[in-house]
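In what follows, a structure is listed as structure tokens, so that the remarks can point back to it.
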Amino acid sequence: MRMIDIIVKKRNGFKLLEEEINFFIQEYTLGNIPDYQVSALLMAIYFQKLDSDETTNLTRAMMNSGETIDLTLINGIKVDKHSTGGVGDKTTIALAPIVAACGVPVAKMSGRGLGHTGGTVDKLESIPKLNTTLSKENFIKQVNEIGISVIGQSNNLVPADKKLYSLRDVTSTVDNISLIASSIMSKKLASGADAIVLDVKTGSGAFMQNLDDSISLAKEMVKIGLNMKRETVAMISDMDQPLGWAIGNCLEVKEAIDILKDQGPDDLKKLCIELGAYMLLLGKRVDNIEQGKEEIKNVISSGLALETFKKFILSQGGEISCIDNTDLLPQASDIHPVLSKESGYIENIQANVVGTAAMLLGAGRMTKDSNIDLAVGIVLNKKCGDYVEAGEPLAYIHSNDINKKILAIEKLVSAYKITQRRPETRPLIFDIITKDTL
Ligand code: URA
């Protein structure tokens, strides 16, 4: 088989065979095909597209390019949850112990990543002494003993994706639905879950900014999951404004702990209840979504979800005193209110701009080797639809550096749009894609 023939075939709009896709992924991972040929194929895929069979075959080949995690030694149905990412998205930190408290085992490998803030693992590492690198044996043992473990992703998971993603980034071939769906799903499938709940974000702070694209991506990922015999559901949720109030690693952990204490922002709580209900349904702990929602609310209000979180943190060596007293988490040296210059309703808070403001403070990584400041970030005081008086705080900036603070204030103010008429509210959840609604 020759790579040139595969490029010509896709360039001319023909369907690739499974063995051709396997050849390209295996040989590229081994370093036997040069980047320039793979770049040409990616561009051909970008214009000619892949159909569902090709996308599933690509996902399977990528999944098999490295280590695959075997979770069969964990009792019960393992349900994973994945978010396509957004600003202030700390859902996993609250949801994992909630679902575990309901009896569905959570064996989660999470990423760090480039972005406005760190990934789930970075955020969790705001908790002093927490160890997010467990051996596979200890990971499985902990989930069997206490129902939950969250650790960093193994470096050997889907090496084909690491190479392909870097190439897509510099060849302008990132935003192709099949390439995104196969990239995300290959990592989920390699992580060993039996079922998957996807939170596909839509809006200014999301990877997919418009709703139709978000729905197409969600459908493609659900199809891949089902083709690979994993029950998969995707929820399309709003990321036009940040989720919750807090943006920044430690601030987001604090907000997730608030949810476990039956406090915290309504949008985050609602999203946890909706996603959690589907996780319980796929994990066969409940017979329907309404029952799932009730179970989730019960473990939050009874304190069981908070207890499960403490057990998880303790078991991985973290300081649990900072869960009861979140003032013991890292704190920024300065908290600065950003005041509104005018009175009116908040019509829009551009999530991507708020994310950039958090990044300017040092909450995210510019390159994969940059350090992040776990304490800094933004806590919103006004969200879309709220009324603000001139002189009232729109948000608070938590910073450790005056120059970064000045840049972040300017950015944050530009994210807010204020209007005199009460704006229409955007839904939090736009759609839910299941095997029945594909
Ligand atoms: N996230 C991924 O993991 N891959 C993509 O291609 C896009 C977002």
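Order determines the names: the first chain of the structure tokens is A, the second B, and so forth; residues in each chain are numbered 1 upward, and ligands are numbered 1 upward as they are shown.
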(request) Kindly work out which residues sit at most 8 Å from ligand 1, using only C-alpha atoms and all ligand atoms, and give the list as a count of residues only. (result) 14
(request) Select from region 287-437 of chain A everything DSSP, run on the backbone, classes as helix (DSSP H, G or I), then give the selection as a PyMOL selection string. (result) chain A and resi 289-301+304-315+321-324+326-328+351-361+402-415
(message) Can you tell me which residues surround region 22-31 of chain A at a distance of at most 12 Å, considering only C-alpha atoms, apart from same-chain residues fewer than 6 positions away, and format the answer as a VMD selection string?
(response) chain A and resid 1 to 7 16 37 to 39 41 to 42 54 to 66 156 158 to 164 167
(message) Write out as an MDAnalysis selection string the set of residues from region 99-274 of chain A that DSSP, computed on the backbone, places in strand (DSSP E).
(response) chainID A and resid 106:110 148:152 195:202 231:238 246:247
Go through region 325-394 of chain A residue by residue and, counting only C-alpha atoms, keep those with an atom at most 12 Å from region 128-151 of chain A; for each kept residue give the shortest atom pair and its distance in Å to one decimal, ordered by chain and increasing number, as CSV.
residue,atom,partner,partner_atom,distance
A:Thr326,CA,A:Pro128,CA,11.5
A:Leu328,CA,A:Pro128,CA,9.1
A:Leu329,CA,A:Pro128,CA,7.5
A:Pro330,CA,A:Pro128,CA,8.4
A:Leu374,CA,A:Pro128,CA,11.0
